[in-house]
Structure formats: structure tokens, C-alpha cells
$ cat data.csv   # CSV, C-alpha atoms
chain,number,residue,atom,x,y,z
O,580,MET,CA,0.6,32.0,-24.3
O,581,SER,CA,-3.2,32.1,-24.1
O,582,PHE,CA,-5.3,32.4,-21.0
O,583,ALA,CA,-6.3,28.7,-21.0
O,584,GLU,CA,-2.6,27.6,-21.3
O,585,THR,CA,-1.7,29.7,-18.4
O,586,ILE,CA,-4.4,28.1,-16.3
O,587,LEU,CA,-3.2,24.6,-17.3
O,588,ASP,CA,0.4,25.6,-16.4
O,589,TYR,CA,-0.8,26.6,-12.9
O,590,ALA,CA,-3.0,23.5,-12.6
O,591,VAL,CA,-0.1,21.2,-13.4
O,592,ASN,CA,2.2,22.9,-10.9
O,593,ILE,CA,-0.4,22.8,-8.2
O,594,ALA,CA,-1.1,19.1,-9.0
O,595,LEU,CA,2.6,18.3,-8.7
O,596,VAL,CA,2.7,19.9,-5.3
O,597,ILE,CA,-0.5,18.0,-4.2
O,598,LEU,CA,0.9,14.7,-5.5
O,599,SER,CA,4.2,15.3,-3.6
O,600,ILE,CA,2.3,15.8,-0.4
O,601,SER,CA,0.3,12.7,-1.1
O,602,PHE,CA,3.5,10.8,-1.8
O,603,ILE,CA,5.0,11.9,1.6
O,604,LEU,CA,1.8,11.0,3.5
O,605,THR,CA,1.9,7.5,1.9
O,606,ILE,CA,5.5,7.1,2.8
O,607,ILE,CA,4.7,8.0,6.5
O,608,ARG,CA,2.2,5.2,6.5
O,609,ILE,CA,4.7,2.8,5.1
O,610,VAL,CA,7.3,3.7,7.6
O,611,ARG,CA,4.8,3.6,10.5
O,612,GLY,CA,3.3,0.2,9.5
O,613,PRO,CA,2.3,-1.2,11.9
O,614,THR,CA,1.7,-4.5,10.0
O,615,LEU,CA,3.0,-6.0,6.7
O,616,PRO,CA,-0.4,-5.7,4.9
O,617,ASP,CA,-0.4,-2.0,5.7
O,618,ARG,CA,2.9,-1.5,4.1
O,619,ILE,CA,1.9,-3.5,1.0
O,620,LEU,CA,-1.2,-1.3,0.7
O,621,GLY,CA,1.1,1.7,1.0
O,622,LEU,CA,3.2,0.3,-1.9
O,623,ASP,CA,0.0,-0.1,-4.0
O,624,MET,CA,-0.9,3.5,-3.2
O,625,LEU,CA,2.6,4.6,-4.1
O,626,VAL,CA,2.3,3.0,-7.5
O,627,ALA,CA,-1.0,4.9,-8.1
O,628,ALA,CA,0.6,8.2,-7.1
O,629,ALA,CA,3.6,7.5,-9.4
O,630,ILE,CA,1.2,6.9,-12.3
O,631,GLY,CA,-0.4,10.2,-11.5
O,632,PHE,CA,3.0,11.8,-11.4
O,633,ILE,CA,3.9,10.3,-14.8
O,634,ALA,CA,0.7,11.6,-16.4
O,635,VAL,CA,1.2,15.1,-15.0
O,636,ILE,CA,4.8,15.2,-16.1
O,637,GLY,CA,3.6,14.0,-19.6
O,638,ILE,CA,1.3,17.0,-19.8
O,639,LYS,CA,4.0,19.4,-18.5
O,640,THR,CA,6.7,18.3,-21.0
O,641,GLY,CA,4.4,17.3,-23.8
O,642,TYR,CA,6.3,14.0,-24.1
O,643,ILE,CA,3.4,11.6,-24.7
O,644,LEU,CA,5.5,8.4,-24.7
O,645,TYR,CA,5.3,8.5,-20.9
O,646,ILE,CA,1.9,6.9,-21.0
O,647,ASP,CA,3.4,3.6,-22.0
O,648,ILE,CA,5.6,3.8,-18.9
O,649,ALA,CA,2.5,4.5,-16.8
O,650,ILE,CA,0.8,1.4,-18.1
O,651,ALA,CA,3.8,-0.8,-17.6
O,652,LEU,CA,4.2,0.6,-14.0
O,653,GLY,CA,0.6,-0.3,-13.3
O,654,LEU,CA,1.1,-3.8,-14.5
O,655,VAL,CA,4.2,-4.2,-12.3
O,656,GLY,CA,2.4,-2.7,-9.3
O,657,PHE,CA,-0.5,-5.1,-9.7
O,658,LEU,CA,1.8,-8.1,-9.9
O,659,ALA,CA,3.8,-6.9,-6.9
O,660,THR,CA,0.7,-6.5,-4.8
O,661,VAL,CA,-0.6,-10.0,-5.8
O,662,ALA,CA,2.8,-11.6,-5.0
O,663,PHE,CA,2.9,-9.9,-1.6
O,664,ALA,CA,-0.6,-11.0,-0.8
O,665,ARG,CA,0.4,-14.6,-1.6
O,666,PHE,CA,3.4,-14.1,0.6
O,667,VAL,CA,1.2,-12.9,3.5
O,668,LEU,CA,-1.0,-15.9,3.0
O,669,SER,CA,1.8,-18.4,2.8
O,670,ARG,CA,3.6,-16.9,5.9
O,671,GLY,CA,0.4,-17.6,7.8
O,672,LYS,CA,1.2,-15.6,10.9
O,673,THR,CA,0.6,-12.1,12.0
O,674,GLU,CA,3.3,-9.9,13.6
O,675,ASP,CA,1.8,-10.4,17.0
O,676,GLU,CA,2.0,-14.2,16.7
O,677,LEU,CA,5.6,-14.0,15.5
O,678,LEU,CA,6.5,-11.7,18.4
O,679,ARG,CA,4.8,-14.0,20.9
O,680,GLU,CA,6.6,-17.0,19.5
O,681,ALA,CA,9.9,-15.3,19.7
O,682,LYS,CA,9.2,-14.3,23.3
O,683,THR,CA,8.3,-17.9,24.3
O,684,ALA,CA,11.4,-19.2,22.6
O,685,ALA,CA,13.6,-16.7,24.4
O,686,GLU,CA,12.0,-17.5,27.7
O,687,ALA,CA,12.5,-21.2,27.2
O,688,ALA,CA,16.1,-20.7,26.2
O,689,ARG,CA,16.7,-18.5,29.3
O,690,LYS,CA,15.2,-21.1,31.6
O,691,LYS,CA,17.3,-23.8,30.0
O,692,SER,CA,20.5,-21.9,30.4
O,693,ARG,CA,19.6,-21.2,34.1
O,694,ASP,CA,19.0,-24.9,34.7
O,695,GLU,CA,22.3,-25.8,33.0
O,696,GLU,CA,24.2,-23.3,35.2
O,697,LYS,CA,22.7,-24.7,38.3
O,698,ARG,CA,23.6,-28.2,37.2
O,699,VAL,CA,27.2,-27.2,36.5
O,700,ALA,CA,27.5,-25.4,39.8
O,701,LYS,CA,26.2,-28.5,41.7
O,702,ALA,CA,28.6,-30.8,39.8
O,703,LEU,CA,31.5,-28.5,40.6
O,704,LYS,CA,30.6,-28.5,44.3
O,705,ARG,CA,30.4,-32.3,44.4
O,706,GLU,CA,33.7,-32.6,42.7
O,707,LYS,CA,35.3,-30.2,45.2
O,708,ARG,CA,33.8,-32.3,48.0
O,709,LEU,CA,35.2,-35.5,46.6
O,710,SER,CA,38.7,-34.2,46.0
O,711,ARG,CA,38.9,-33.1,49.6
R,1421,MET,CA,-12.1,28.4,-28.8
R,1422,ILE,CA,-12.4,24.6,-28.7
R,1423,ASP,CA,-8.7,24.3,-28.1
R,1424,ASP,CA,-9.1,26.6,-25.0
R,1425,PHE,CA,-12.0,24.4,-23.8
R,1426,ILE,CA,-9.9,21.2,-24.1
R,1427,THR,CA,-7.0,22.8,-22.3
R,1428,LEU,CA,-9.3,24.0,-19.5
R,1429,LEU,CA,-10.9,20.5,-19.3
R,1430,SER,CA,-7.5,18.9,-19.0
R,1431,ALA,CA,-6.5,21.4,-16.3
R,1432,ALA,CA,-9.7,20.5,-14.4
R,1433,PHE,CA,-9.0,16.7,-14.7
R,1434,VAL,CA,-5.5,17.2,-13.4
R,1435,LEU,CA,-6.6,19.1,-10.4
R,1436,ILE,CA,-9.4,16.8,-9.5
R,1437,GLY,CA,-7.2,13.8,-10.0
R,1438,ALA,CA,-4.5,15.2,-7.7
R,1439,PHE,CA,-7.2,16.1,-5.1
R,1440,PHE,CA,-8.4,12.5,-5.2
R,1441,ALA,CA,-4.8,11.2,-4.7
R,1442,LEU,CA,-4.4,13.5,-1.7
R,1443,VAL,CA,-7.7,12.3,-0.2
R,1444,ALA,CA,-6.6,8.7,-0.7
R,1445,SER,CA,-3.3,9.2,1.1
R,1446,ILE,CA,-4.9,11.1,3.9
R,1447,GLY,CA,-7.3,8.2,4.3
R,1448,LEU,CA,-4.4,5.8,4.3
R,1449,LEU,CA,-2.8,7.8,7.1
R,1450,ARG,CA,-5.9,8.5,9.3
R,1451,LEU,CA,-8.2,5.5,9.1
R,1452,PRO,CA,-8.0,3.1,12.0
R,1453,ASP,CA,-7.3,-0.4,10.5
R,1454,LEU,CA,-6.1,-2.2,7.4
R,1455,TYR,CA,-9.5,-2.9,5.9
R,1456,SER,CA,-10.7,0.7,6.1
R,1457,ARG,CA,-7.4,2.0,4.8
R,1458,MET,CA,-7.8,-0.4,1.9
R,1459,HIS,CA,-11.1,1.2,1.1
R,1460,ALA,CA,-9.4,4.6,0.9
R,1461,ALA,CA,-6.4,3.6,-1.1
R,1462,SER,CA,-8.0,1.4,-3.7
R,1463,LYS,CA,-11.0,3.5,-4.6
R,1464,ALA,CA,-9.8,7.1,-4.3
R,1465,GLY,CA,-6.3,6.2,-5.5
R,1466,THR,CA,-7.5,4.5,-8.7
R,1467,MET,CA,-9.8,7.4,-9.3
R,1468,GLY,CA,-6.9,9.9,-8.9
R,1469,SER,CA,-4.5,8.2,-11.2
R,1470,GLY,CA,-7.2,7.4,-13.7
R,1471,LEU,CA,-8.4,11.0,-13.9
R,1472,MET,CA,-4.8,12.2,-14.5
R,1473,LEU,CA,-4.3,9.7,-17.3
R,1474,ILE,CA,-7.6,11.0,-18.9
R,1475,ALA,CA,-6.3,14.5,-18.5
R,1476,LEU,CA,-3.1,13.5,-20.4
R,1477,ALA,CA,-5.3,11.9,-23.2
R,1478,VAL,CA,-7.5,15.0,-23.5
R,1479,HIS,CA,-4.5,17.2,-23.6
R,1480,ALA,CA,-2.7,15.2,-26.3
R,1481,ALA,CA,-5.9,15.2,-28.5
R,1482,ASP,CA,-4.6,12.2,-30.5
R,1483,SER,CA,-6.6,9.0,-31.1
R,1484,GLY,CA,-3.6,6.7,-30.5
R,1485,VAL,CA,-2.7,8.4,-27.2
R,1486,PHE,CA,-6.4,8.5,-26.3
R,1487,ALA,CA,-6.8,4.7,-26.9
R,1488,ARG,CA,-3.7,3.9,-24.8
R,1489,ALA,CA,-4.8,6.2,-22.0
R,1490,LEU,CA,-8.2,4.6,-22.0
R,1491,ALA,CA,-6.6,1.1,-22.0
R,1492,GLY,CA,-4.5,2.2,-19.0
R,1493,VAL,CA,-7.5,3.5,-17.1
R,1494,VAL,CA,-9.6,0.3,-17.8
R,1495,PHE,CA,-6.6,-1.8,-16.7
R,1496,PHE,CA,-6.3,0.1,-13.4
R,1497,LEU,CA,-10.1,-0.1,-12.9
R,1498,LEU,CA,-9.9,-3.9,-13.4
R,1499,THR,CA,-6.8,-4.6,-11.3
R,1500,ALA,CA,-7.2,-2.3,-8.3
R,1501,PRO,CA,-10.2,-4.2,-6.8
R,1502,ILE,CA,-8.6,-7.5,-7.6
R,1503,SER,CA,-5.4,-6.7,-5.7
R,1504,ALA,CA,-7.2,-5.0,-2.8
R,1505,HIS,CA,-9.6,-8.0,-2.4
R,1506,LEU,CA,-6.7,-10.5,-2.6
R,1507,LEU,CA,-4.8,-8.6,0.0
R,1508,ALA,CA,-7.8,-8.3,2.3
R,1509,LYS,CA,-8.6,-12.0,1.9
R,1510,ALA,CA,-5.0,-13.0,2.7
R,1511,ALA,CA,-4.8,-10.7,5.7
R,1512,TYR,CA,-8.2,-11.8,7.1
R,1513,ALA,CA,-7.4,-15.5,6.6
R,1514,VAL,CA,-4.0,-15.1,8.3
R,1515,GLY,CA,-5.7,-13.5,11.3
R,1516,TYR,CA,-5.2,-9.7,11.2
R,1517,ARG,CA,-8.2,-8.4,13.1
R,1518,LEU,CA,-10.4,-5.4,12.6
R,1519,GLY,CA,-9.6,-2.2,14.4
R,1520,PRO,CA,-10.9,-1.3,17.9
R,1521,SER,CA,-13.6,1.0,16.5
R,1522,ALA,CA,-15.1,-1.8,14.3
R,1523,VAL,CA,-18.7,-2.5,15.2
R,1524,ARG,CA,-19.3,-5.9,13.7
R,1525,ASP,CA,-17.3,-8.6,11.9
R,1526,GLU,CA,-19.7,-10.4,9.6
R,1527,MET,CA,-17.1,-13.0,8.6
R,1528,ALA,CA,-16.4,-14.1,12.2
R,1529,GLY,CA,-16.9,-17.8,12.6
R,1530,GLN,CA,-16.7,-18.6,8.9
R,1531,ASP,CA,-14.0,-20.9,7.7
R,1532,THR,CA,-11.9,-18.4,5.7
R,1533,GLU,CA,-9.1,-20.8,4.9
R,1534,ASN,CA,-11.3,-23.2,3.0
R,1535,PRO,CA,-14.5,-21.4,1.8
R,1536,ARG,CA,-17.2,-23.4,0.3

$ encode --input "data.csv" --output "C-alpha cells"
Amino acid sequence: MSFAETILDYAVNIALVILSISFILTIIRIVRGPTLPDRILGLDMLVAAAIGFIAVIGIKTGYILYIDIAIALGLVGFLATVAFARFVLSRGKTEDELLREAKTAAEAARKKSRDEEKRVAKALKREKRLSR
Amino acid sequence: MIDDFITLLSAAFVLIGAFFALVASIGLLRLPDLYSRMHAASKAGTMGSGLMLIALAVHAADSGVFARALAGVVFFLLTAPISAHLLAKAAYAVGYRLGPSAVRDEMAGQDTENPR
């Protein structure tokens, strides 16, 4: 093995380590969120990192056919991001708004059940009085 | 001699590409809001994967592989800004606000749902 090939071997191994770190950092962002577009962006970045992985593995193994997989993966990643962006647009609400709506609905339901309880208790009392 | 040069060039591209991918993911983790994260992920991320594809093409030293790698790079360069812009536009129109450290929102007050 010549000097240059040894260098390439080291470079490929270092690149795989760096890409793994990058992958993990992106996954931390996806898990943390905090919003849906952040996670979509993380997915986009994950696809880019995966393409890099495929290219580096292609160099390491010398199996050149991987490049077609990289192109197909790029296409799928693009379409996924576009579809998710359309979903964000059609949902039309941020997480904060959804949370606020849920809280308002829960509050209303709690109030309604309290009123109902009061009404039932009153009716029961009246019934008891009448039967006496 | 020229083979050694090509191998070293490919090694350099691989390392630089991996470095860019790392920078992109650090930016994704550290920047304050969605729009600045988008700037890190779509520019540095595309640069990283594109450089690694070019490294593969240089290493293979075959015209067919080179053409395919170049097509892949051009494809990513075309689609990354489109998807990032689409996501940013959707997020802004829905109402995801800028981060607390943002100084100025030049799109504030514009009708983002129905632009002219």
C-alpha cells in the first residue's frame, strides 16, 4: 500500500467518525424539537449526512454502485421535506396554538362537568325534600 | 505520481466534506431559532454531502461515475434551497415566530398567506 493510499484510509476512517458525531447531534435536535419544522429540518439534515455516509462507504469498499443509491436517497429526502412543508402549511397551527386550544377545551369541559354536578346535587336535594 | 495526487485529493475532499457536515449539525444544535438553523443545515449540509460525492467521483476516476456524481451534486444544489425555502415559507405563514435574539422581522405586517 502506497503512502497516499494509507492517507486515504485514515481520512475515510476519520470522516466516518466525524459523520457519526454529526448524525448523533442531528438526532439530538430531532428529539429535542421543540417544533415540528425543527424536526423536519433535522430529517433533511439526516438525509444529507446519510448521503455523505454512502459516498464515504463507496470510497472505502470501492463499490461504486452506491452512488445511484445516494441520488435516489436525495430525491426521496427532497420529496419528504416538500410533503412535510405542505403538511405544516395545511395544518395551519403552531404547537403553542394547539396547546392553548387543548387547554381551553379542557377548562370548558371541567366547568361543564362541575355545573352538571351541582345541578344533579340540587335535583337530588329537591327530590329528598319532596319525598319527605 | 498522478494516481497518488488523485488519491490525496479524494482524501482531502472526504475530510473537508465531513467537517462541513459536522459544522452543519453543530449549527443545527446550537442556533437559536428555526430560521437560523435552516441556514446552517441547508448550506453547510449540502456542501458536506456534495464534497463527499465529488470525492467518490475523483476516487473512481471513471467518466460514467463522474457524470453520475456530478448529476447528484447538481441535483442537491438545486433541491436544497427549494426545500429549505418551502419549509421556511410554510413555517412563517403558519406563525412560527423568530427567536428571542432576532433583531428585526422584515416580513412583519406583510400578508404571507396571499402574497401579491

$ closest_residue --input "data.csv" --among "O:Leu625, O:Glu696, O:Ala664, O:Ala634" --to "R:Ser1430" --atoms "only C-alpha atoms"
O:Ala634

$ atom_distance --input "data.csv" --atom1 "atom CA of R:Ser1456" --atom2 "atom CA of O:Ala681"
29.4 Å

$ interface_residues --input "data.csv" --of "chain R" --to "chain O" --cutoff "6 Å" --atoms "all atoms listed in the file" --output "ChimeraX atom specification"
/R:1424,1428,1431,1435,1438,1442,1445,1449,1454,1461,1469,1472-1473,1476,1492,1503,1507,1510,1514

$ closest_residue --input "data.csv" --among "R:Leu1497, R:Met1527, R:Leu1448, R:Ala1475" --to "R:Thr1427" --atoms "all atoms listed in the file"
R:Ala1475

$ closest_residue --input "data.csv" --among "R:Pro1501, R:Pro1520, R:Gly1529, R:Gly1484" --to "R:Ser1462" --atoms "only C-alpha atoms"
R:Pro1501

$ atom_distance --input "data.csv" --atom1 "atom CA of R:Ala1508" --atom2 "atom CA of R:Met1458"
7.9 Å

$ atom_distance --input "data.csv" --atom1 "atom CA of R:Leu1490" --atom2 "atom CA of O:Leu652"
15.3 Å

$ residues_around --input "data.csv" --residues "stretch 1522-1524 of chain R" --least-positions-apart "4" --cutoff "10 Å" --atoms "all atoms listed in the file" --output "VMD selection string"
chain R and resid 1452 to 1453 1456 1517 to 1518 1528

$ residues_around --input "data.csv" --residues "R:Leu1471" --least-positions-apart "4" --cutoff "7 Å" --atoms "all atoms listed in the file" --output "ChimeraX atom specification"
/R:1433-1434,1437,1467,1475

$ closest_residue --input "data.csv" --among "O:Val699, O:Met580, O:Val610, O:Leu622" --to "R:Gly1465" --atoms "only C-alpha atoms"
O:Leu622

$ closest_residue --input "data.csv" --among "R:Asp1423, R:Ala1481, R:Ile1474, R:Arg1450" --to "R:Val1494" --atoms "all atoms listed in the file"
R:Ile1474
